[in-house]
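So the structure is just underneath, and the comments pick up after that.
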Amino acid sequence: RKEVEQDPGPFNVPEGATVAFNCTYSNSASQSFFWYRQDCRKEPKLLMSVYSSGNEDGRFTAQLNRASQYISLLIRDSKLSDSATYLCVVGVLGSARQLTFGSGTQLTVLP
Amino acid sequence: ETGVTQSPTHLIKTRGQQVTLRCSSQSGHNTVSWYQQALGQGPQFIFQYYREEENGRGNFPPRFSGLQFPNYSSELNVNALELDDSALYLCASSLAQGDTQYFGPGTRLTVL
């Protein structure tokens, strides 16, 4: 079983649609949670951190459920520029603050 | 831009050769992590350096080694290259006390 599992993609949605990505993690010691965005052949870029209370940044809303070890990302009013791969990322604090990435979910927003 | 730079951008090597990849961290960041990203996969943690010492390692063989210099820049060395080493190699810098990691543009390595 992978440490971080994401919805299999790809997701193809029309402009203006709402799309949700889900992610589960297996390490109960995980202490930090993120969504990164990666454009084709580019480096991952931090989209947002995820907190237990949930957090929103414009059209993006992230939720964390520690009991279920589940993370979600909701994108409202999708734009063409949202087309990318979305990576669910979990951090474990310790001797090394390593990040564990999911395999990513590819989103294509269609005109 | 994150301020993290990597060189070279692309590299082609043959099986059995050795390669050195370089990373300059964002100003003020003393921690550098290296990741390998194979096609269609998420990045996999190789190791992390903090103040010139290895501070954690993922599931990679000893032929993957690294260095961090006093200015916090870092190198990733891979010996005895294998075909499966073909990937995008990413470095990320962070403050030791924080988790947010900022990635460089990566080095795309092709092993023939």
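A note on labels: chains of the structure tokens are A, B, ... as shown, every chain counts residues from 1, and ligands are counted from 1 in their shown order.
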List every residue of chain B that has an atom at most 10 Å from any atom of chain A, and for each one report the closest atom pair and its distance in Å to one decimal, counting only C-alpha atoms, with rows sorted by chain and then by increasing residue number, as a Markdown table.
| residue | atom | partner | partner_atom | distance |
| --- | --- | --- | --- | --- |
| B:Glu1 | CA | A:Lys45 | CA | 9.5 |
| B:Thr2 | CA | A:Lys45 | CA | 8.8 |
| B:Thr31 | CA | A:Arg97 | CA | 9.6 |
| B:Ser33 | CA | A:Gln98 | CA | 7.8 |
| B:Trp34 | CA | A:Gln98 | CA | 9.7 |
| B:Tyr35 | CA | A:Leu99 | CA | 9.4 |
| B:Gln37 | CA | A:Ser103 | CA | 9.7 |
| B:Leu39 | CA | A:Arg41 | CA | 9.6 |
| B:Gly40 | CA | A:Ser103 | CA | 7.1 |
| B:Gln41 | CA | A:Ser103 | CA | 4.7 |
| B:Gly42 | CA | A:Ser103 | CA | 4.2 |
| B:Pro43 | CA | A:Phe101 | CA | 6.1 |
| B:Gln44 | CA | A:Thr100 | CA | 7.0 |
| B:Phe45 | CA | A:Gln98 | CA | 6.8 |
| B:Ile46 | CA | A:Gln98 | CA | 9.2 |
| B:Phe47 | CA | A:Gln98 | CA | 8.1 |
| B:Gln48 | CA | A:Ala96 | CA | 6.6 |
| B:Tyr49 | CA | A:Ala96 | CA | 8.5 |
| B:Tyr50 | CA | A:Ala96 | CA | 8.8 |
| B:Glu54 | CA | A:Ala96 | CA | 8.9 |
| B:Asn55 | CA | A:Ala96 | CA | 5.3 |
| B:Gly56 | CA | A:Ala96 | CA | 4.8 |
| B:Arg57 | CA | A:Ala96 | CA | 7.9 |
| B:Gly58 | CA | A:Gln98 | CA | 8.6 |
| B:Leu88 | CA | A:Arg41 | CA | 8.7 |
| B:Tyr89 | CA | A:Glu43 | CA | 9.6 |
| B:Leu90 | CA | A:Glu43 | CA | 7.3 |
| B:Cys91 | CA | A:Glu43 | CA | 9.4 |
| B:Ala92 | CA | A:Pro44 | CA | 9.7 |
| B:Ser94 | CA | A:Arg97 | CA | 9.5 |
| B:Ala96 | CA | A:Arg97 | CA | 8.2 |
| B:Gln97 | CA | A:Arg97 | CA | 9.2 |
| B:Gly98 | CA | A:Arg97 | CA | 8.5 |
| B:Asp99 | CA | A:Arg97 | CA | 6.6 |
| B:Thr100 | CA | A:Leu46 | CA | 8.1 |
| B:Gln101 | CA | A:Leu46 | CA | 8.0 |
| B:Tyr102 | CA | A:Lys45 | CA | 7.1 |
| B:Phe103 | CA | A:Glu43 | CA | 6.3 |
| B:Gly104 | CA | A:Glu43 | CA | 6.5 |
| B:Pro105 | CA | A:Glu43 | CA | 5.0 |
| B:Gly106 | CA | A:Glu43 | CA | 6.4 |
| B:Thr107 | CA | A:Glu43 | CA | 9.8 |
| B:Arg108 | CA | A:Arg41 | CA | 9.2 |
List every residue of chain A that DSSP, applied to the backbone, labels as strand (DSSP E or B), and write the result as a PyMOL selection string. chain A and resi 4-6+11-14+19-25+32-38+44-49+55-57+60-65+70-75+84-92+98-101+105-110
So, with only C-alpha atoms as the atoms that count, which of B:Val78, B:His29, B:Leu11, B:Gln18 lies closest to Gly66 of chain B? B:Val78
Counting only C-alpha atoms, the residue of B:Leu21, B:Leu83, B:Val32, B:Ala38 that sits nearest Phe64 of chain B: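 Residue with the minimum atom-to-atom distance to Phe64 of chain B: B:Leu21.
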Non-local contacts of Leu81 of chain B (7 Å; only C-alpha atoms; under 5 positions in same chain excluded) as a list in words: Arg15, Gly16, Gln17 and Gln18 of chain B
Pick the closest to Glu15 of chain A from A:Val50, A:Val90, A:Leu107, A:Leu80: which is it, counting only C-alpha atoms?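 That would be A:Leu80, the residue with the smallest distance to Glu15 of chain A.
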